[in-house]
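Printed here is target17.txt (compact mmCIF, C-alpha atoms):
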```
# COMPACT_ATOMS: atom_id res chain seq x y z
CA MET D 1 68.17 33.31 -89.41
CA SER D 2 66.08 35.19 -87.00
CA ALA D 3 62.80 33.80 -85.47
CA PRO D 4 59.62 34.63 -87.30
CA ASP D 5 57.74 37.59 -85.96
CA PHE D 6 54.52 35.67 -85.27
CA SER D 7 53.85 32.13 -84.11
CA THR D 8 52.65 29.84 -86.83
CA ARG D 9 51.08 27.34 -84.29
CA PRO D 10 47.29 27.26 -84.47
CA ARG D 11 45.74 29.07 -81.53
CA ALA D 12 43.48 27.10 -79.14
CA PRO D 13 39.92 28.32 -79.51
CA ARG D 14 38.95 30.59 -76.63
CA ARG D 15 36.25 29.06 -74.24
CA PRO D 16 33.10 31.08 -73.97
CA PRO D 17 32.57 32.53 -70.43
CA TRP D 18 29.20 30.79 -69.93
CA GLU D 19 30.93 27.42 -70.30
CA LEU D 20 33.36 28.32 -67.55
CA ALA D 21 30.46 29.59 -65.45
CA LEU D 22 28.58 26.34 -66.02
CA PHE D 23 31.58 24.32 -64.93
CA ALA D 24 32.11 26.48 -61.86
CA ALA D 25 28.44 26.23 -60.95
CA GLY D 26 28.57 22.45 -61.33
CA VAL D 27 31.62 22.16 -59.09
CA LEU D 28 30.05 24.46 -56.51
CA ALA D 29 26.73 22.58 -56.59
CA ALA D 30 28.48 19.24 -56.20
CA ALA D 31 30.51 20.55 -53.28
CA LEU D 32 27.44 21.99 -51.54
CA CYS D 33 25.45 18.83 -52.12
CA THR D 34 28.23 16.67 -50.70
CA ARG D 35 28.46 18.92 -47.68
CA ALA D 36 24.67 18.78 -47.17
CA ILE D 37 24.66 14.98 -47.42
CA VAL D 38 27.47 14.58 -44.91
CA GLY D 39 26.03 17.20 -42.53
CA THR D 40 22.46 15.91 -42.62
CA ARG D 41 23.58 12.33 -42.11
CA ALA D 42 25.73 13.32 -39.14
CA GLU D 43 22.88 15.35 -37.61
CA GLY D 44 20.46 12.48 -38.21
CA GLU D 45 22.76 9.98 -36.54
CA ALA D 46 23.24 12.27 -33.55
CA ALA D 47 19.48 12.85 -33.26
CA ARG D 48 18.74 9.13 -33.47
CA ALA D 49 21.37 8.41 -30.85
CA ARG D 50 19.85 11.01 -28.52
CA LEU D 51 16.39 9.57 -29.15
CA ALA D 52 17.60 6.04 -28.43
CA GLN D 53 19.23 7.23 -25.21
CA VAL D 54 16.02 8.95 -24.02
CA ARG D 55 13.90 5.93 -25.00
CA SER D 56 16.20 3.67 -23.05
CA GLU D 57 15.86 5.98 -20.03
CA ILE D 58 12.07 5.92 -20.47
CA GLU D 59 12.11 2.12 -20.49
CA SER D 60 14.14 1.93 -17.30
CA GLY D 61 11.92 4.66 -15.78
CA ARG D 62 8.82 2.62 -16.60
CA ARG D 63 10.30 -0.46 -14.96
CA ARG D 64 11.17 1.58 -11.87
CA LEU D 65 7.70 3.12 -11.84
CA ALA D 66 6.02 -0.28 -12.07
CA GLU D 67 8.14 -1.53 -9.19
CA LEU D 68 7.35 1.52 -7.04
CA GLU D 69 3.64 1.34 -7.87
CA ARG D 70 3.62 -2.28 -6.82
CA ARG D 71 5.28 -1.38 -3.52
CA ALA D 72 3.02 1.63 -2.96
CA SER D 73 -0.20 -0.22 -3.75
CA ASP D 74 -0.60 -1.74 -0.29
CA GLY D 75 -3.31 0.77 0.60
CA VAL D 76 -1.48 2.43 3.46
CA THR D 77 1.61 3.91 1.79
CA GLY D 78 -0.40 6.80 0.39
CA GLN D 79 -1.96 7.49 3.79
CA VAL D 80 1.41 7.35 5.54
CA TRP D 81 2.95 9.73 3.05
CA LEU D 82 0.04 12.16 3.00
CA THR D 83 -0.17 12.24 6.79
CA ALA D 84 3.54 13.12 6.91
CA GLU D 85 3.41 15.66 4.07
CA ALA D 86 0.01 17.18 4.77
CA PRO D 87 -0.85 17.00 8.48
CA PRO D 88 -4.07 18.86 9.37
CA PRO D 89 -2.41 22.04 10.72
CA ARG D 90 -0.48 22.45 7.45
CA VAL D 91 -3.55 21.81 5.31
CA LEU D 92 -5.59 24.28 7.36
CA ALA D 93 -2.84 26.91 7.14
CA GLN D 94 -2.60 26.57 3.37
CA LEU D 95 -6.37 26.60 2.90
CA GLY D 96 -6.76 29.50 5.29
CA ALA D 97 -4.28 31.53 3.28
CA LEU D 98 -6.56 31.16 0.26
CA LEU D 99 -9.68 32.51 1.98
CA PRO D 100 -10.67 36.09 1.10
CA PRO D 101 -11.67 38.31 4.06
CA ASP D 102 -15.42 37.87 3.49
CA VAL D 103 -15.31 34.08 3.40
CA ARG D 104 -15.08 31.70 6.32
CA LEU D 105 -14.56 27.97 6.51
CA ASP D 106 -17.48 26.45 8.37
CA SER D 107 -16.42 22.82 8.41
CA LEU D 108 -13.73 20.68 6.87
CA ASN D 109 -13.46 17.02 5.98
CA LEU D 110 -10.06 15.52 5.18
CA THR D 111 -9.95 12.00 3.77
CA TYR D 112 -6.50 10.47 3.51
CA GLY D 113 -6.22 7.69 0.92
CA ARG D 114 -4.14 7.43 -2.21
CA THR D 115 -4.91 11.13 -2.48
CA LEU D 116 -6.00 13.66 0.10
CA GLU D 117 -9.60 14.63 -0.55
CA VAL D 118 -10.78 17.88 0.97
CA GLU D 119 -14.40 18.83 1.48
CA MET D 120 -14.96 22.37 2.70
CA ARG D 121 -18.18 23.95 3.82
CA VAL D 122 -17.65 27.63 3.04
CA VAL D 123 -19.78 30.64 3.86
CA ALA D 124 -19.23 33.78 1.80
CA ARG D 125 -20.87 37.07 2.77
CA THR D 126 -21.51 37.95 -0.88
CA SER D 127 -21.46 36.13 -4.19
CA GLY D 128 -18.52 38.36 -5.21
CA ALA D 129 -16.53 37.10 -2.24
CA TYR D 130 -17.34 33.53 -3.27
CA ASP D 131 -16.14 34.30 -6.81
CA ARG D 132 -12.87 35.59 -5.39
CA LEU D 133 -12.51 32.43 -3.33
CA LEU D 134 -13.01 30.25 -6.40
CA GLU D 135 -10.45 32.26 -8.37
CA ARG D 136 -7.92 31.67 -5.61
CA LEU D 137 -8.73 27.99 -5.29
CA GLU D 138 -8.43 27.47 -9.04
CA ALA D 139 -5.11 29.32 -9.15
CA SER D 140 -3.65 27.41 -6.22
CA PRO D 141 -1.15 24.65 -7.04
CA ARG D 142 -2.21 22.95 -3.80
CA LEU D 143 -5.69 22.08 -5.08
CA LYS D 144 -6.90 20.22 -8.13
CA ASP D 145 -10.08 18.54 -9.38
CA LEU D 146 -12.36 21.16 -7.84
CA VAL D 147 -16.01 20.17 -7.53
CA LEU D 148 -18.32 23.01 -6.60
CA GLY D 149 -21.57 22.60 -4.73
CA ALA D 150 -24.85 24.36 -5.49
CA GLU D 151 -24.82 28.09 -4.83
CA SER D 152 -27.36 30.84 -4.67
CA ARG D 153 -26.37 34.15 -6.26
CA ALA D 154 -28.62 36.19 -3.97
CA GLY D 155 -26.66 37.52 -0.98
CA ARG D 156 -24.83 35.06 1.26
CA VAL D 157 -23.36 31.94 -0.31
CA ASP D 158 -23.28 28.81 1.82
CA THR D 159 -21.98 25.84 -0.13
CA THR D 160 -19.56 22.96 -0.33
CA VAL D 161 -16.34 22.76 -2.31
CA ARG D 162 -14.51 19.49 -2.85
CA ALA D 163 -10.96 19.17 -4.15
CA THR D 164 -7.87 17.01 -4.10
CA PHE D 165 -5.12 18.50 -1.98
CA VAL D 166 -1.62 18.35 -3.43
CA PRO D 167 1.03 18.46 -0.67
CA GLY D 168 3.81 20.97 -1.06
CA THR D 169 5.24 24.09 0.48
CA MET J 1 32.90 20.82 -74.97
CA MET J 2 34.48 18.72 -72.23
CA LEU J 3 34.15 21.48 -69.66
CA ARG J 4 30.54 22.06 -70.60
CA THR J 5 29.72 18.36 -70.23
CA VAL J 6 31.46 18.02 -66.88
CA GLY J 7 29.72 21.15 -65.57
CA SER J 8 26.32 19.88 -66.71
CA VAL J 9 26.88 16.42 -65.21
CA LEU J 10 27.99 17.93 -61.88
CA LEU J 11 24.98 20.23 -61.75
CA LEU J 12 22.60 17.43 -62.62
CA GLY J 13 24.24 15.05 -60.15
CA ALA J 14 24.09 17.64 -57.39
CA GLY J 15 20.39 18.23 -58.02
CA LEU J 16 19.60 14.54 -58.08
CA GLY J 17 21.74 13.89 -55.01
CA TYR J 18 19.97 16.66 -53.10
CA ALA J 19 16.53 15.40 -54.05
CA ALA J 20 17.29 11.72 -53.50
CA ILE J 21 19.47 11.88 -50.40
CA VAL J 22 19.35 15.22 -48.60
CA VAL J 23 15.59 15.85 -48.70
CA PRO J 24 14.61 12.40 -47.29
CA ALA J 25 17.40 12.64 -44.73
CA ARG J 26 16.09 16.03 -43.60
CA HIS J 27 12.59 14.56 -43.21
CA GLU J 28 14.04 11.74 -41.11
CA LEU J 29 15.97 14.26 -39.06
CA THR J 30 12.83 16.30 -38.40
CA ALA J 31 10.95 13.15 -37.39
CA ALA J 32 13.78 12.14 -35.06
CA GLN J 33 13.84 15.62 -33.50
CA ASP J 34 10.06 15.55 -32.97
CA GLY J 35 10.32 12.08 -31.46
CA PHE J 36 13.13 13.30 -29.20
CA ALA J 37 11.04 16.23 -27.96
CA GLN J 38 8.09 13.95 -27.17
CA ALA J 39 10.32 11.37 -25.52
CA ARG J 40 11.99 14.08 -23.43
CA ASP J 41 8.57 15.26 -22.17
CA GLU J 42 7.57 11.71 -21.34
CA ARG J 43 10.88 11.17 -19.52
CA GLN J 44 10.21 14.33 -17.52
CA ARG J 45 6.73 13.13 -16.52
CA LEU J 46 8.08 9.71 -15.59
CA ARG J 47 10.86 11.22 -13.49
CA ALA J 48 8.38 13.37 -11.56
CA ARG J 49 6.09 10.40 -10.93
CA VAL J 50 9.00 8.16 -9.90
CA ALA J 51 10.32 10.85 -7.55
CA GLU J 52 6.91 11.20 -5.90
CA LEU J 53 6.49 7.46 -5.45
CA GLU J 54 10.04 7.15 -4.12
CA ARG J 55 9.23 9.75 -1.47
CA ARG J 56 6.07 7.81 -0.54
CA VAL J 57 7.91 4.52 -0.29
CA GLN J 58 10.74 6.11 1.72
CA VAL J 59 8.32 7.59 4.26
CA ARG J 60 6.51 4.26 4.49
CA ALA J 61 9.83 2.43 4.99
CA ARG J 62 10.92 4.91 7.66
CA VAL J 63 7.69 4.42 9.61
CA ALA J 64 7.96 0.64 9.37
CA ALA J 65 11.67 0.54 10.22
CA ALA J 66 11.25 0.24 13.98
CA PRO J 67 11.34 -3.28 15.49
CA PRO J 68 7.98 -5.10 15.66
CA GLU J 69 5.92 -4.90 18.80
CA SER J 70 5.33 -7.95 20.95
CA GLY J 71 1.56 -8.31 20.59
CA ARG J 72 -1.48 -6.71 19.06
CA GLY J 73 -3.21 -6.21 22.41
CA GLU J 74 -0.15 -4.44 23.67
CA SER J 75 -0.08 -2.28 20.53
CA ALA J 76 -3.63 -1.10 21.12
CA GLY J 77 -2.84 -0.39 24.77
CA ARG J 78 0.26 1.58 23.91
CA LEU J 79 -1.58 3.57 21.29
CA ARG J 80 -4.41 4.30 23.71
CA ARG J 81 -1.98 5.55 26.35
CA ALA J 82 -0.09 7.68 23.82
CA VAL J 83 -3.29 9.27 22.49
CA LEU J 84 -4.65 9.92 25.98
CA SER J 85 -1.36 11.46 27.01
CA GLU J 86 -1.65 14.01 24.20
CA VAL J 87 -5.36 14.60 24.75
CA GLU J 88 -5.03 15.09 28.50
CA GLY J 89 -2.31 17.65 27.95
CA SER J 90 -4.70 19.76 25.85
CA ARG J 91 -7.66 21.95 26.79
CA VAL J 92 -10.33 19.86 25.09
CA SER J 93 -13.51 18.18 26.32
CA GLY J 94 -16.14 15.64 25.28
CA VAL J 95 -13.44 13.10 24.52
CA GLN J 96 -14.61 9.76 23.12
CA LEU J 97 -11.85 7.32 22.29
CA SER J 98 -11.97 3.82 20.93
CA VAL J 99 -8.91 1.79 20.07
CA SER J 100 -8.86 -1.62 18.42
CA ALA J 101 -6.22 -4.01 17.18
CA GLY J 102 -5.49 -3.81 13.48
CA ARG J 103 -4.44 -6.25 10.80
CA ALA J 104 -0.93 -6.17 9.36
CA PRO J 105 0.56 -3.75 8.49
CA VAL J 106 -1.75 -1.83 10.82
CA ALA J 107 -0.88 -2.31 14.49
CA ALA J 108 -3.92 -0.59 15.99
CA LYS J 109 -6.78 1.62 14.92
CA VAL J 110 -8.20 4.61 16.70
CA HIS J 111 -11.39 6.64 16.56
CA LEU J 112 -11.28 9.85 18.54
CA ILE J 113 -13.92 12.55 18.99
CA LEU J 114 -13.28 15.68 21.00
CA GLU J 115 -14.20 19.33 21.11
CA GLY J 116 -12.47 22.53 22.04
CA SER J 117 -11.46 25.88 20.73
CA PHE J 118 -9.91 25.97 17.30
CA PRO J 119 -6.46 27.02 18.64
CA ASP J 120 -6.52 24.00 20.99
CA VAL J 121 -7.94 21.37 18.64
CA LEU J 122 -5.86 21.99 15.53
CA PRO J 123 -2.39 21.74 17.13
CA LEU J 124 -3.58 18.61 18.95
CA THR J 125 -4.35 16.91 15.62
CA GLY J 126 -0.81 17.79 14.54
CA ARG J 127 0.70 16.30 17.70
CA LEU J 128 -1.30 13.10 17.28
CA VAL J 129 0.35 12.47 13.91
CA SER J 130 3.84 13.85 14.52
CA GLY J 131 4.17 13.06 18.24
CA PRO J 132 4.42 9.78 20.15
CA PRO J 133 1.05 8.36 19.01
CA GLY J 134 2.46 8.43 15.46
CA LEU J 135 -1.01 8.22 13.96
CA VAL J 136 -1.57 7.77 10.26
CA LEU J 137 -4.77 9.57 9.35
CA GLU J 138 -7.67 8.05 7.49
CA ARG J 139 -10.21 10.79 8.07
CA LEU J 140 -10.57 14.00 10.01
CA ARG J 141 -13.74 16.04 10.25
CA LEU J 142 -13.72 19.48 11.83
CA SER J 143 -17.16 20.98 12.36
CA PRO J 144 -18.49 23.89 14.40
CA LYS J 145 -20.46 23.47 17.61
CA ASP J 146 -21.54 26.67 19.33
CA GLN J 147 -18.31 28.68 19.54
CA ARG J 148 -16.14 25.57 19.53
CA VAL J 149 -14.87 22.98 17.08
CA VAL J 150 -15.63 19.27 17.12
CA ALA J 151 -12.90 17.02 15.73
CA ASP J 152 -13.82 13.52 14.60
CA LEU J 153 -10.65 11.62 13.75
CA GLU J 154 -9.99 8.11 12.48
CA GLY J 155 -6.51 6.78 12.06
CA PHE J 156 -4.14 3.95 12.80
CA ARG J 157 -0.62 3.18 13.81
CA MET J 158 1.60 1.13 11.57
CA GLU J 159 3.42 -1.93 12.86
CA GLY J 160 6.84 -0.76 13.90
CA GLY J 161 5.51 2.74 14.41
CA PRO J 162 6.92 4.93 17.19
```
Do you think you could lay out the structure here as structure tokens?
Amino acid sequence: MSAPDFSTRPRAPRRPPWELALFAAGVLAAALCTRAIVGTRAEGEAARARLAQVRSEIESGRRRLAELERRASDGVTGQVWLTAEAPPPRVLAQLGALLPPDVRLDSLNLTYGRTLEVEMRVVARTSGAYDRLLERLEASPRLKDLVLGAESRAGRVDTTVRATFVPGT
Amino acid sequence: MMLRTVGSVLLLGAGLGYAAIVVPARHELTAAQDGFAQARDERQRLRARVAELERRVQVRARVAAAPPESGRGESAGRLRRAVLSEVEGSRVSGVQLSVSAGRAPVAAKVHLILEGSFPDVLPLTGRLVSGPPGLVLERLRLSPKDQRVVADLEGFRMEGGP
């Protein structure tokens, strides 16, 4: 007897393509979600660890700062440091470099305390020259907390400028 | 049927997992990153402040490192001689000097008024603080007088100073 020409077994019903696509999409979505969970958690742990490290450094920095502030609060430490870092010739040289050609320094008061307070009596030939002086003073990293005295806008300006001098090169 | 069910469950589970786990975790991550950025800025500010104060304390310690002097009267005398030595070596006039004993940690205090040309007066103020008098400045006033400059200086010498 020879084999029959065609199989008599019932054929498995063919799956529709959208079902396969749905399954594939489900597997892909699950894989991506798992990867996102693992990745985000790892990133979060690393970020929290970095944050904890910086916070711990901040805490130790604060303790160190409190200790240094206690040691520097004897009233003379600031004066000693400022005298060493900003002796009068250096202050004058740095202030002089800021003066425009039409402005001269008439008098100068330096008060050394916790900060170095500078009071300058300046005479500018014109109000424009005084404006240029103020632009330079404001732009200078050596001066902060500028307080400007009264000025007249007619002709020569003769006024006082106060500031805190920040030592540096 | 089975494949369809498994696919649907996986899709649904992935969506729920993303919404319930990934989204909150991302919010936490963003918050941690923001906190890190702020903390880093604060650390930077603290470091700068600590460095500045360390420099102050180091200079103060250096000045006070020398052995103590024998007596306050002697301190004032030494300071007077050191200041006069600098002043007499300069071309200045109208010198008025008063020196008094200080209270710890100040060894002696000085008040000095003099006048001269700007190129003579300014370097002298520098030598008074960096030279043998080793003055720590409290106040310096430079004001014009005719074609000259009047310097009015108050300062002190620390115990253990040079």
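The list of residues with at least one atom within 6 Å of Ser117 in chain J, based on all atoms listed in the file and without residues fewer than 3 positions apart in the same chain, reads J:Asp120, J:Arg148, J:Val149.
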Output file for the selection above: C-alpha atoms, as a PDB file, in the frame of the given file:
```pdb
ATOM      1  CA  ASP J 120      -6.520  24.000  20.990  1.00  0.00           C
ATOM      2  CA  ARG J 148     -16.140  25.570  19.530  1.00  0.00           C
ATOM      3  CA  VAL J 149     -14.870  22.980  17.080  1.00  0.00           C
TER       4      VAL J 149
END
```
>> Quick one: residues within 12 Å of Arg81 in chain J, all atoms listed in the file, excluding same-chain residues fewer than 5 positions away - as a list in words?
In response: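 Non-adjacent residues within range: Glu74, Ser75, Ala76, Glu86, Val87, Glu88, Leu97, Ser98, Val99, Val110, Leu128, Pro132 and Pro133 of chain J.
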>> Show me, as a ChimeraX atom specification, the residues of chain J whose atoms get within 8 Å of chain D, using all atoms listed in the file for the distance check.
In response: /J:3-4,6-15,17-18,21-22,25-26,28-29,32-33,35-36,39-40,42-43,46-47,49-50,53-57,59-60,122-123,125-126,129-130,136-144
>> Neighbouring residues of Arg104 in chain D were defined as those with any atom within 12 Å, considering all atoms listed in the file; residues of the same chain fewer than 3 positions away were excluded. Please report them as number ranges by chain.
In response: D: 95-101, 107-108, 120-126, 129-130, 133, 156-160; J: 144
> Distance CA of Gly116 in chain J-CA of Leu153 in chain J, one decimal place?
Replying inline: 13.8 Å
> Smallest atom-to-atom distance to Thr164 in chain D: which of D:Ala12, D:Leu146, D:Ala93, D:Val103, using all atoms listed in the file?
Replying inline: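 Comparing D:Ala12, D:Leu146, D:Ala93, D:Val103 against Thr164 in chain D, the winner is D:Leu146.
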> When you draw a straight line from CA of Arg78 in chain J to CA of Val95 in chain J, how long is it in Å?
Replying inline: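 Result for CA of Arg78 in chain J versus CA of Val95 in chain J: 17.9 Å, one decimal.
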>> Can you tell me which residues surround range 156-158 of chain J at a distance of at most 6 Å, considering only C-alpha atoms, apart from same-chain residues fewer than 2 positions away, and format the answer as a PyMOL selection string?
In response: chain J and resi 105-110+135-136+161
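If you look at CA of Val161 in chain D and CA of Arg136 in chain D, they are 12.7 Å away from each other.
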Starting from the block above, write range 25-50 of chain D out to a file with N, CA and C atoms, as an mmCIF file, in the first residue's frame, please.
```
data_model
loop_
_atom_site.group_PDB
_atom_site.id
_atom_site.type_symbol
_atom_site.label_atom_id
_atom_site.label_comp_id
_atom_site.auth_asym_id
_atom_site.auth_seq_id
_atom_site.Cartn_x
_atom_site.Cartn_y
_atom_site.Cartn_z
ATOM 1 N N ALA D 25 4.163 43.118 20.495
ATOM 2 C CA ALA D 25 4.126 44.439 21.128
ATOM 3 C C ALA D 25 4.131 44.298 22.644
ATOM 4 N N GLY D 26 3.410 43.336 23.161
ATOM 5 C CA GLY D 26 3.376 43.101 24.604
ATOM 6 C C GLY D 26 4.746 42.739 25.140
ATOM 7 N N VAL D 27 5.423 41.829 24.431
ATOM 8 C CA VAL D 27 6.770 41.419 24.868
ATOM 9 C C VAL D 27 7.717 42.613 24.836
ATOM 10 N N LEU D 28 7.628 43.372 23.741
ATOM 11 C CA LEU D 28 8.516 44.536 23.603
ATOM 12 C C LEU D 28 8.243 45.566 24.709
ATOM 13 N N ALA D 29 6.948 45.827 24.957
ATOM 14 C CA ALA D 29 6.579 46.801 25.991
ATOM 15 C C ALA D 29 7.058 46.348 27.363
ATOM 16 N N ALA D 30 6.898 45.066 27.641
ATOM 17 C CA ALA D 30 7.344 44.548 28.939
ATOM 18 C C ALA D 30 8.851 44.677 29.086
ATOM 19 N N ALA D 31 9.563 44.386 27.991
ATOM 20 C CA ALA D 31 11.026 44.484 28.044
ATOM 21 C C ALA D 31 11.461 45.940 28.271
ATOM 22 N N LEU D 32 10.842 46.851 27.528
ATOM 23 C CA LEU D 32 11.207 48.268 27.664
ATOM 24 C C LEU D 32 10.880 48.787 29.061
ATOM 25 N N CYS D 33 9.726 48.363 29.566
ATOM 26 C CA CYS D 33 9.324 48.819 30.898
ATOM 27 C C CYS D 33 10.301 48.306 31.959
ATOM 28 N N THR D 34 10.676 47.049 31.837
ATOM 29 C CA THR D 34 11.633 46.474 32.790
ATOM 30 C C THR D 34 12.951 47.241 32.743
ATOM 31 N N ARG D 35 13.375 47.535 31.513
ATOM 32 C CA ARG D 35 14.637 48.249 31.354
ATOM 33 C C ARG D 35 14.526 49.654 31.970
ATOM 34 N N ALA D 36 13.398 50.316 31.761
ATOM 35 C CA ALA D 36 13.195 51.663 32.312
ATOM 36 C C ALA D 36 13.191 51.625 33.841
ATOM 37 N N ILE D 37 12.537 50.599 34.397
ATOM 38 C CA ILE D 37 12.489 50.491 35.868
ATOM 39 C C ILE D 37 13.895 50.327 36.430
ATOM 40 N N VAL D 38 14.630 49.375 35.833
ATOM 41 C CA VAL D 38 15.981 49.094 36.344
ATOM 42 C C VAL D 38 16.872 50.332 36.176
ATOM 43 N N GLY D 39 16.813 50.951 34.987
ATOM 44 C CA GLY D 39 17.667 52.116 34.709
ATOM 45 C C GLY D 39 17.347 53.292 35.610
ATOM 46 N N THR D 40 16.051 53.587 35.764
ATOM 47 C CA THR D 40 15.668 54.746 36.581
ATOM 48 C C THR D 40 16.049 54.534 38.036
ATOM 49 N N ARG D 41 15.838 53.295 38.499
ATOM 50 C CA ARG D 41 16.201 53.019 39.904
ATOM 51 C C ARG D 41 17.697 53.178 40.112
ATOM 52 N N ALA D 42 18.476 52.675 39.159
ATOM 53 C CA ALA D 42 19.939 52.780 39.297
ATOM 54 C C ALA D 42 20.364 54.249 39.278
ATOM 55 N N GLU D 43 19.779 55.015 38.345
ATOM 56 C CA GLU D 43 20.120 56.452 38.272
ATOM 57 C C GLU D 43 19.727 57.163 39.559
ATOM 58 N N GLY D 44 18.546 56.824 40.073
ATOM 59 C CA GLY D 44 18.053 57.444 41.300
ATOM 60 C C GLY D 44 18.967 57.143 42.467
ATOM 61 N N GLU D 45 19.397 55.883 42.557
ATOM 62 C CA GLU D 45 20.294 55.528 43.667
ATOM 63 C C GLU D 45 21.610 56.272 43.560
ATOM 64 N N ALA D 46 22.125 56.365 42.327
ATOM 65 C CA ALA D 46 23.397 57.083 42.140
ATOM 66 C C ALA D 46 23.224 58.554 42.498
ATOM 67 N N ALA D 47 22.105 59.157 42.062
ATOM 68 C CA ALA D 47 21.879 60.578 42.355
ATOM 69 C C ALA D 47 21.731 60.797 43.850
ATOM 70 N N ARG D 48 21.022 59.913 44.523
ATOM 71 C CA ARG D 48 20.853 60.069 45.976
ATOM 72 C C ARG D 48 22.183 59.899 46.707
ATOM 73 N N ALA D 49 23.006 58.983 46.196
ATOM 74 C CA ALA D 49 24.315 58.780 46.822
ATOM 75 C C ALA D 49 25.181 60.026 46.656
ATOM 76 N N ARG D 50 25.131 60.619 45.435
ATOM 77 C CA ARG D 50 25.914 61.845 45.210
ATOM 78 C C ARG D 50 25.412 62.965 46.121
#
```
